[in-house]
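A.B. asks: Just dropping this structure here.
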Amino acid sequence: MSQNPGQILYLPHGGGPMPLLGDPNHAELIEFMKTISNKLRKPSAIVVISAHWEERIATITGAEHPKMIYDYSGFPEESYKIKYNAPGNPELAKEVLGAFNENGILAKKDDKRGYDHGLFIPLMLMYPDANIPCIQISQLKSLEPREHIALGKALAKLMEKNILVVGSGLSFHNMREFFHKSSEADQKAIEFNNWLIETCTDENISENERERRLSEWEKTPSGRFCHPREEHLLPLHVCFGIATANNFKAELVFDDLVIGKRASAFLWKEF
């Protein structure tokens, strides 16, 4: 491992552009995203796996100057004028494509796709100067957890460089329940959050067992309730794949409310 090994962060990016609009239901998350960079070595590049991009095969952004994708609706006009002008990184995109190919994973570059809000919402709060090159990697339309862990394992060598990988999702993502006050829903969010924290951080759990648990996440009693569709959870699986291939350990760095429901964030690095 290099003197400046990479770092891996799975975080909740909140609801649409609301963290950038100062929404009080995101107060704890906003504070977290503004301060988490203090725990990180400033990266030379950022790779984001966003909950808001799915393709049939793994796809990597290759544009030098990615455009903005406002993939939300019904928000104030100002939220459609947000700009995050961080440059792309075509060379890193080629490297990622090569890593997938070397590991037998079908992949392609997309030189036209821009930054969706899974990237620009957290990064505008974490790195507002927008001076760190960024690329995005899609999820797979299969939404198969083992395939997403395999994506991460294929990217293990990224950690030989000072790269920050961000899995941008939300560990509770039942849209109907966010605005439905229910003690049962709140309790299920807590139960799943506790299970996820234990799975990722308990030192008594082997890496093989962690992988099994994450691969079978929907067997947990509250799993499918918290994720009727799993696109906001699977960025964590990619993060885990990279981390376990490098023997990185997870640290819980956020455990609080997001839109009234319990959610968590994890940081993996060489401790």
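Residues are referred to by chain and number: the chain letter is A, B, ... according to the order shown in the structure tokens, the number counts from 1 in that chain, and ligands are numbered separately from 1 in the order shown.
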For region 94-98 of chain A, please output as a ChimeraX atom specification all residues within 9 Å (counting only C-alpha atoms; exclusion window: fewer than 5 positions along the same chain).
C.D. replies: /A:58-60,62,89,103,106-109,137,154-155,158
A.B. asks: Set the distance at 7 Å and use only C-alpha atoms: which residues neighbour region 214-231 of chain A once local chain neighbours fewer than 3 positions away are removed? I'd like the list as an mmCIF file with N, CA and C atoms, in the first residue's frame.
C.D. replies:
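File around-v2.cif, as written:
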data_model
loop_
_atom_site.group_PDB
_atom_site.id
_atom_site.type_symbol
_atom_site.label_atom_id
_atom_site.label_comp_id
_atom_site.auth_asym_id
_atom_site.auth_seq_id
_atom_site.Cartn_x
_atom_site.Cartn_y
_atom_site.Cartn_z
ATOM 1 N N ALA A 51 -26.619 6.379 -6.204
ATOM 2 C CA ALA A 51 -27.884 5.650 -6.244
ATOM 3 C C ALA A 51 -28.742 6.029 -7.435
ATOM 4 N N LEU A 143 -29.415 -4.970 -9.954
ATOM 5 C CA LEU A 143 -29.542 -4.708 -8.506
ATOM 6 C C LEU A 143 -29.177 -5.946 -7.682
ATOM 7 N N PRO A 145 -26.888 -7.913 -5.251
ATOM 8 C CA PRO A 145 -25.859 -7.466 -4.304
ATOM 9 C C PRO A 145 -24.483 -8.074 -4.545
ATOM 10 N N ARG A 146 -24.421 -9.344 -4.887
ATOM 11 C CA ARG A 146 -23.113 -9.978 -5.102
ATOM 12 C C ARG A 146 -22.385 -9.358 -6.292
ATOM 13 N N PHE A 172 -31.725 4.183 4.762
ATOM 14 C CA PHE A 172 -33.180 3.976 4.825
ATOM 15 C C PHE A 172 -33.771 4.707 3.631
ATOM 16 N N HIS A 173 -34.526 3.991 2.787
ATOM 17 C CA HIS A 173 -35.070 4.667 1.609
ATOM 18 C C HIS A 173 -36.440 4.094 1.239
ATOM 19 N N ASN A 174 -37.388 4.295 2.136
ATOM 20 C CA ASN A 174 -38.789 3.995 1.867
ATOM 21 C C ASN A 174 -39.496 5.337 1.758
ATOM 22 N N LYS A 188 -38.517 0.106 12.683
ATOM 23 C CA LYS A 188 -37.905 -0.725 11.644
ATOM 24 C C LYS A 188 -36.656 -0.057 11.076
ATOM 25 N N ALA A 189 -36.687 1.272 10.957
ATOM 26 C CA ALA A 189 -35.501 1.998 10.491
ATOM 27 C C ALA A 189 -34.355 1.822 11.475
ATOM 28 N N GLU A 191 -33.985 -0.702 13.604
ATOM 29 C CA GLU A 191 -33.563 -2.102 13.572
ATOM 30 C C GLU A 191 -32.618 -2.360 12.402
ATOM 31 N N PHE A 192 -32.997 -1.870 11.223
ATOM 32 C CA PHE A 192 -32.138 -2.105 10.063
ATOM 33 C C PHE A 192 -30.827 -1.355 10.199
ATOM 34 N N ARG A 210 -19.465 -11.044 6.850
ATOM 35 C CA ARG A 210 -19.973 -9.730 6.428
ATOM 36 C C ARG A 210 -20.498 -9.803 5.000
ATOM 37 N N GLU A 211 -19.721 -10.444 4.144
ATOM 38 C CA GLU A 211 -20.123 -10.538 2.751
ATOM 39 C C GLU A 211 -21.412 -11.337 2.605
ATOM 40 N N LEU A 234 -27.179 -0.283 -2.379
ATOM 41 C CA LEU A 234 -26.116 -0.991 -3.096
ATOM 42 C C LEU A 234 -24.810 -0.221 -3.281
#
A.B. asks: Which polymer residues have any atom within 6 Å of an atom of Pro5 (chain A), counting only C-alpha atoms, with same-chain residues fewer than 3 positions away left out, as a ChimeraX atom specification?
C.D. replies: /A:2,159-162
A.B. asks: Pick out the residues sitting within 9 Å of region 70-82 of chain A, and hand them over as a ChimeraX atom specification; count only C-alpha atoms, and ignore anything fewer than 2 positions along from it in its own chain.
C.D. replies: /A:16-18,20-21,52,68,84,115-117,120
A.B. asks: I need the chosen residues saved as a PDB file, in the first residue's frame, with N, CA, C and O atoms.
C.D. replies:
ATOM      1  N   GLY A  16     -33.241  14.724  -2.512  1.00  0.00           N
ATOM      2  CA  GLY A  16     -33.065  15.691  -3.590  1.00  0.00           C
ATOM      3  C   GLY A  16     -32.057  16.761  -3.222  1.00  0.00           C
ATOM      4  O   GLY A  16     -31.004  16.477  -2.631  1.00  0.00           O
ATOM      5  N   PRO A  17     -32.370  18.028  -3.520  1.00  0.00           N
ATOM      6  CA  PRO A  17     -31.436  19.118  -3.224  1.00  0.00           C
ATOM      7  C   PRO A  17     -31.603  19.708  -1.825  1.00  0.00           C
ATOM      8  O   PRO A  17     -30.959  20.704  -1.505  1.00  0.00           O
ATOM      9  N   MET A  18     -32.447  19.087  -0.989  1.00  0.00           N
ATOM     10  CA  MET A  18     -32.802  19.715   0.289  1.00  0.00           C
ATOM     11  C   MET A  18     -31.617  20.012   1.205  1.00  0.00           C
ATOM     12  O   MET A  18     -31.624  21.035   1.907  1.00  0.00           O
ATOM     13  N   LEU A  20     -28.813  21.215   0.387  1.00  0.00           N
ATOM     14  CA  LEU A  20     -28.232  22.487  -0.056  1.00  0.00           C
ATOM     15  C   LEU A  20     -29.175  23.661   0.179  1.00  0.00           C
ATOM     16  O   LEU A  20     -28.748  24.820   0.120  1.00  0.00           O
ATOM     17  N   LEU A  21     -30.444  23.357   0.455  1.00  0.00           N
ATOM     18  CA  LEU A  21     -31.426  24.409   0.699  1.00  0.00           C
ATOM     19  C   LEU A  21     -31.634  24.660   2.183  1.00  0.00           C
ATOM     20  O   LEU A  21     -32.511  25.438   2.567  1.00  0.00           O
ATOM     21  N   HIS A  52     -28.362   7.102  -8.131  1.00  0.00           N
ATOM     22  CA  HIS A  52     -29.221   7.653  -9.178  1.00  0.00           C
ATOM     23  C   HIS A  52     -28.720   7.386 -10.599  1.00  0.00           C
ATOM     24  O   HIS A  52     -29.047   8.122 -11.527  1.00  0.00           O
ATOM     25  N   MET A  68     -24.321  19.292 -15.532  1.00  0.00           N
ATOM     26  CA  MET A  68     -25.155  19.016 -14.362  1.00  0.00           C
ATOM     27  C   MET A  68     -26.408  18.259 -14.792  1.00  0.00           C
ATOM     28  O   MET A  68     -27.003  18.560 -15.840  1.00  0.00           O
ATOM     29  N   TYR A  84     -21.775  22.640  -9.897  1.00  0.00           N
ATOM     30  CA  TYR A  84     -20.591  22.058  -9.252  1.00  0.00           C
ATOM     31  C   TYR A  84     -19.589  21.809 -10.367  1.00  0.00           C
ATOM     32  O   TYR A  84     -19.722  20.868 -11.148  1.00  0.00           O
ATOM     33  N   TYR A 115     -22.838  15.007 -13.956  1.00  0.00           N
ATOM     34  CA  TYR A 115     -22.933  14.715 -12.528  1.00  0.00           C
ATOM     35  C   TYR A 115     -24.395  14.732 -12.092  1.00  0.00           C
ATOM     36  O   TYR A 115     -25.096  15.735 -12.256  1.00  0.00           O
ATOM     37  N   ASP A 116     -24.868  13.649 -11.504  1.00  0.00           N
ATOM     38  CA  ASP A 116     -26.211  13.665 -10.931  1.00  0.00           C
ATOM     39  C   ASP A 116     -26.146  14.111  -9.476  1.00  0.00           C
ATOM     40  O   ASP A 116     -25.063  14.317  -8.918  1.00  0.00           O
ATOM     41  N   HIS A 117     -27.311  14.238  -8.837  1.00  0.00           N
ATOM     42  CA  HIS A 117     -27.303  14.836  -7.498  1.00  0.00           C
ATOM     43  C   HIS A 117     -26.728  13.905  -6.444  1.00  0.00           C
ATOM     44  O   HIS A 117     -26.380  14.355  -5.354  1.00  0.00           O
ATOM     45  N   PHE A 120     -23.260  15.697  -6.712  1.00  0.00           N
ATOM     46  CA  PHE A 120     -23.034  17.109  -6.400  1.00  0.00           C
ATOM     47  C   PHE A 120     -23.635  17.561  -5.074  1.00  0.00           C
ATOM     48  O   PHE A 120     -23.143  18.519  -4.480  1.00  0.00           O
TER      49      PHE A 120
END
A.B. asks: So which one's closest to Asn4 (chain A), A:Ile197, A:Ile163, A:Ile57, A:Ile30? Using only C-alpha atoms, please.
C.D. replies: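 Of A:Ile197, A:Ile163, A:Ile57, A:Ile30, the one nearest Asn4 (chain A) is A:Ile163, counting only C-alpha atoms.
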A.B. asks: For Ala185 (chain A), which residue among A:Arg262, A:Val238, A:Ser168, A:Lys157 is the nearest when counting only C-alpha atoms?
C.D. replies: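 Distance minimum relative to Ala185 (chain A) lands on A:Arg262.
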A.B. asks: Could you jot down the CA of Met126 (chain A) to CA of Ala250 (chain A) separation for me, Å, one decimal place?
C.D. replies: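 Calculated distance between CA of Met126 (chain A) and CA of Ala250 (chain A) is 19.7 Å.
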A.B. asks: So which one's closest to Phe240 (chain A), A:Ser142, A:Ser50, A:Ser37, A:Gln7? Using only C-alpha atoms, please.
C.D. replies: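 Selected residue with least distance to Phe240 (chain A): A:Gln7.
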A.B. asks: Give me, as a ChimeraX atom specification, all polymer residues having an atom no more than 10 Å from Gly88 (chain A), counting only C-alpha atoms and skipping those fewer than 6 positions away in the same chain.
C.D. replies: /A:45-46,61-67,111,114-115,132-136
A.B. asks: From the set A:Lys181, A:Lys249, A:Arg176, A:Lys269, which residue has the shortest atom-to-atom contact distance to Glu207 (chain A), counting only C-alpha atoms?
C.D. replies: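 For Glu207 (chain A), the nearest of the candidates is A:Lys249.
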A.B. asks: Region 64-177 of chain A: which residues are helix (DSSP H, G or I) by DSSP, as a PyMOL selection string?
C.D. replies: chain A and resi 77-80+90-102+117-126+145-154+156-160+175-177
A.B. asks: Could you save those same residues with C-alpha atoms as a PDB file, in the first residue's frame?
C.D. replies:
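This went into out.pdb:
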ATOM      1  CA  GLU A  77     -36.209  27.173  -8.911  1.00  0.00           C
ATOM      2  CA  GLU A  78     -32.851  27.848  -7.280  1.00  0.00           C
ATOM      3  CA  SER A  79     -32.201  24.110  -7.030  1.00  0.00           C
ATOM      4  CA  TYR A  80     -32.029  23.928 -10.839  1.00  0.00           C
ATOM      5  CA  PRO A  90     -10.776  10.891 -18.298  1.00  0.00           C
ATOM      6  CA  GLU A  91      -7.497   9.144 -17.426  1.00  0.00           C
ATOM      7  CA  LEU A  92      -8.926   7.730 -14.206  1.00  0.00           C
ATOM      8  CA  ALA A  93     -12.039   6.674 -16.116  1.00  0.00           C
ATOM      9  CA  LYS A  94      -9.812   4.668 -18.493  1.00  0.00           C
ATOM     10  CA  GLU A  95      -8.045   3.106 -15.519  1.00  0.00           C
ATOM     11  CA  VAL A  96     -11.348   2.059 -13.949  1.00  0.00           C
ATOM     12  CA  LEU A  97     -12.532   0.641 -17.276  1.00  0.00           C
ATOM     13  CA  GLY A  98      -9.331  -1.354 -17.516  1.00  0.00           C
ATOM     14  CA  ALA A  99      -9.720  -2.685 -13.980  1.00  0.00           C
ATOM     15  CA  PHE A 100     -13.215  -3.948 -14.771  1.00  0.00           C
ATOM     16  CA  ASN A 101     -12.062  -5.574 -18.000  1.00  0.00           C
ATOM     17  CA  GLU A 102      -9.113  -7.263 -16.290  1.00  0.00           C
ATOM     18  CA  HIS A 117     -27.303  14.836  -7.498  1.00  0.00           C
ATOM     19  CA  GLY A 118     -25.867  11.741  -5.848  1.00  0.00           C
ATOM     20  CA  LEU A 119     -22.508  13.374  -6.571  1.00  0.00           C
ATOM     21  CA  PHE A 120     -23.034  17.109  -6.400  1.00  0.00           C
ATOM     22  CA  ILE A 121     -25.179  17.261  -3.248  1.00  0.00           C
ATOM     23  CA  PRO A 122     -22.630  15.711  -0.857  1.00  0.00           C
ATOM     24  CA  LEU A 123     -19.546  17.074  -2.617  1.00  0.00           C
ATOM     25  CA  MET A 124     -20.795  20.659  -2.631  1.00  0.00           C
ATOM     26  CA  LEU A 125     -20.917  20.430   1.156  1.00  0.00           C
ATOM     27  CA  MET A 126     -17.738  18.383   1.578  1.00  0.00           C
ATOM     28  CA  PRO A 145     -25.859  -7.466  -4.304  1.00  0.00           C
ATOM     29  CA  ARG A 146     -23.113  -9.978  -5.102  1.00  0.00           C
ATOM     30  CA  GLU A 147     -22.511  -8.351  -8.473  1.00  0.00           C
ATOM     31  CA  HIS A 148     -22.047  -4.984  -6.775  1.00  0.00           C
ATOM     32  CA  ILE A 149     -19.612  -6.422  -4.252  1.00  0.00           C
ATOM     33  CA  ALA A 150     -17.716  -7.865  -7.238  1.00  0.00           C
ATOM     34  CA  LEU A 151     -17.590  -4.401  -8.827  1.00  0.00           C
ATOM     35  CA  GLY A 152     -15.887  -3.167  -5.695  1.00  0.00           C
ATOM     36  CA  LYS A 153     -13.404  -6.024  -5.548  1.00  0.00           C
ATOM     37  CA  ALA A 154     -12.415  -5.289  -9.144  1.00  0.00           C
ATOM     38  CA  ALA A 156      -9.255  -2.818  -5.217  1.00  0.00           C
ATOM     39  CA  LYS A 157      -6.137  -1.253  -6.756  1.00  0.00           C
ATOM     40  CA  LEU A 158      -7.676   2.215  -6.630  1.00  0.00           C
ATOM     41  CA  MET A 159      -6.675   2.235  -2.973  1.00  0.00           C
ATOM     42  CA  GLU A 160      -3.015   2.275  -4.003  1.00  0.00           C
ATOM     43  CA  MET A 175     -40.176   7.152   0.289  1.00  0.00           C
ATOM     44  CA  ARG A 176     -43.723   6.692   1.565  1.00  0.00           C
ATOM     45  CA  GLU A 177     -42.555   6.292   5.142  1.00  0.00           C
TER      46      GLU A 177
END
A.B. asks: Residues within 12 Å of Phe179 (chain A), please, as a compact mmCIF listing (two decimals) with N, CA and C atoms, in the first residue's frame. Count only C-alpha atoms; anything in the same chain fewer than 6 positions from it doesn't count.
C.D. replies:
# COMPACT_ATOMS: atom_id res chain seq x y z
N GLY A 15 -32.59 13.96 0.72
CA GLY A 15 -33.68 14.02 -0.22
C GLY A 15 -33.49 15.11 -1.26
N ASN A 25 -35.01 19.24 8.31
CA ASN A 25 -35.05 17.79 8.45
C ASN A 25 -33.74 17.13 8.03
N HIS A 173 -34.53 3.99 2.79
CA HIS A 173 -35.07 4.67 1.61
C HIS A 173 -36.44 4.09 1.24
N ALA A 185 -42.65 2.31 11.71
CA ALA A 185 -41.65 2.61 10.68
C ALA A 185 -40.36 3.10 11.31
N ASP A 186 -40.48 3.96 12.33
CA ASP A 186 -39.29 4.45 13.01
C ASP A 186 -38.50 3.30 13.62
N VAL A 258 -32.26 11.38 9.32
CA VAL A 258 -32.36 12.03 8.01
C VAL A 258 -33.83 11.98 7.63
N ILE A 259 -34.46 13.12 7.52
CA ILE A 259 -35.91 13.23 7.27
C ILE A 259 -36.67 12.37 8.28
N GLY A 260 -36.24 12.41 9.51
CA GLY A 260 -36.95 11.74 10.60
C GLY A 260 -36.68 10.27 10.76
N LYS A 261 -35.83 9.67 9.91
CA LYS A 261 -35.54 8.24 10.00
C LYS A 261 -34.05 8.02 10.24
A.B. asks: Running DSSP on the backbone, which parts of region 111-261 of chain A land in strand (DSSP E), as a list in words?
C.D. replies: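 Strand (DSSP E) assignments inside region 111-261 of chain A correspond to Cys134, Ile135, Gln136, Ile137, Ser138, Gln139, Leu140, Ile163, Leu164, Val165, Val166, Gly167, Ser168, Gly169, Lys249, Ala250, Glu251, Leu252, Val253, Phe254, Asp255, Asp256, Leu257, Val258 and Lys261 of chain A.
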A.B. asks: Write the residues you've just listed into a file as a short mmCIF file (atom, residue, chain, number, x, y, z; two decimals), in the first residue's frame, and include N, CA and C atoms for each of them.
C.D. replies:
data_model
loop_
_atom_site.label_atom_id
_atom_site.label_comp_id
_atom_site.auth_asym_id
_atom_site.auth_seq_id
_atom_site.Cartn_x
_atom_site.Cartn_y
_atom_site.Cartn_z
N CYS A 134 -13.43 14.47 -10.50
CA CYS A 134 -14.42 13.46 -10.11
C CYS A 134 -14.84 12.61 -11.31
N ILE A 135 -15.14 11.35 -11.04
CA ILE A 135 -15.84 10.51 -12.00
C ILE A 135 -16.95 9.78 -11.26
N GLN A 136 -17.94 9.31 -12.03
CA GLN A 136 -19.00 8.48 -11.47
C GLN A 136 -18.95 7.10 -12.10
N ILE A 137 -19.39 6.12 -11.32
CA ILE A 137 -19.57 4.75 -11.81
C ILE A 137 -21.02 4.37 -11.57
N SER A 138 -21.65 3.78 -12.58
CA SER A 138 -23.05 3.40 -12.45
C SER A 138 -23.21 2.15 -11.59
N GLN A 139 -24.40 1.97 -11.08
CA GLN A 139 -24.82 0.68 -10.57
C GLN A 139 -25.28 -0.18 -11.74
N LEU A 140 -25.59 -1.44 -11.45
CA LEU A 140 -26.10 -2.36 -12.45
C LEU A 140 -27.62 -2.49 -12.32
N ILE A 163 -7.12 8.25 -3.57
CA ILE A 163 -8.45 8.40 -4.17
C ILE A 163 -9.51 8.20 -3.08
N LEU A 164 -10.53 9.03 -3.10
CA LEU A 164 -11.68 8.87 -2.22
C LEU A 164 -12.81 8.26 -3.04
N VAL A 165 -13.29 7.10 -2.60
CA VAL A 165 -14.47 6.49 -3.21
C VAL A 165 -15.67 6.82 -2.32
N VAL A 166 -16.71 7.34 -2.93
CA VAL A 166 -17.92 7.70 -2.19
C VAL A 166 -19.09 6.87 -2.72
N GLY A 167 -19.68 6.08 -1.84
CA GLY A 167 -20.94 5.41 -2.13
C GLY A 167 -22.05 6.33 -1.65
N SER A 168 -22.78 6.89 -2.58
CA SER A 168 -23.77 7.93 -2.27
C SER A 168 -25.17 7.34 -2.35
N GLY A 169 -25.79 7.13 -1.20
CA GLY A 169 -27.12 6.54 -1.17
C GLY A 169 -27.90 6.99 0.05
N LYS A 249 -10.84 -1.57 7.48
CA LYS A 249 -11.85 -1.72 8.52
C LYS A 249 -12.81 -0.53 8.49
N ALA A 250 -14.05 -0.79 8.87
CA ALA A 250 -15.08 0.25 8.81
C ALA A 250 -15.21 0.96 10.15
N GLU A 251 -15.45 2.26 10.06
CA GLU A 251 -15.74 3.09 11.23
C GLU A 251 -17.10 3.76 11.00
N LEU A 252 -17.95 3.72 12.00
CA LEU A 252 -19.23 4.42 11.94
C LEU A 252 -18.96 5.91 12.13
N VAL A 253 -19.33 6.73 11.15
CA VAL A 253 -19.03 8.17 11.24
C VAL A 253 -20.29 9.03 11.29
N PHE A 254 -21.46 8.41 11.09
CA PHE A 254 -22.73 9.13 11.21
C PHE A 254 -23.80 8.14 11.61
N ASP A 255 -24.59 8.49 12.60
CA ASP A 255 -25.70 7.66 13.06
C ASP A 255 -26.74 8.61 13.65
N ASP A 256 -27.64 9.10 12.79
CA ASP A 256 -28.57 10.14 13.23
C ASP A 256 -29.79 10.14 12.31
N LEU A 257 -30.63 11.15 12.46
CA LEU A 257 -31.86 11.22 11.69
C LEU A 257 -31.66 11.94 10.36
N VAL A 258 -32.26 11.38 9.32
CA VAL A 258 -32.36 12.03 8.01
C VAL A 258 -33.83 11.98 7.63
N LYS A 261 -35.83 9.67 9.91
CA LYS A 261 -35.54 8.24 10.00
C LYS A 261 -34.05 8.02 10.24
#
A.B. asks: Given the choices A:Asn85, A:Asn204, A:Thr199, A:Asn131, which gets closest to Leu236 (chain A) if the distance is worked out from only C-alpha atoms?
C.D. replies: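 Using only C-alpha atoms, Leu236 (chain A) sits closest to A:Thr199.
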A.B. asks: As an exercise, work out the distance from CA of Tyr10 (chain A) to CA of Ala263 (chain A) in Å and give it to one decimal place.
C.D. replies: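 Between these atoms lies a distance of 11.1 Å.
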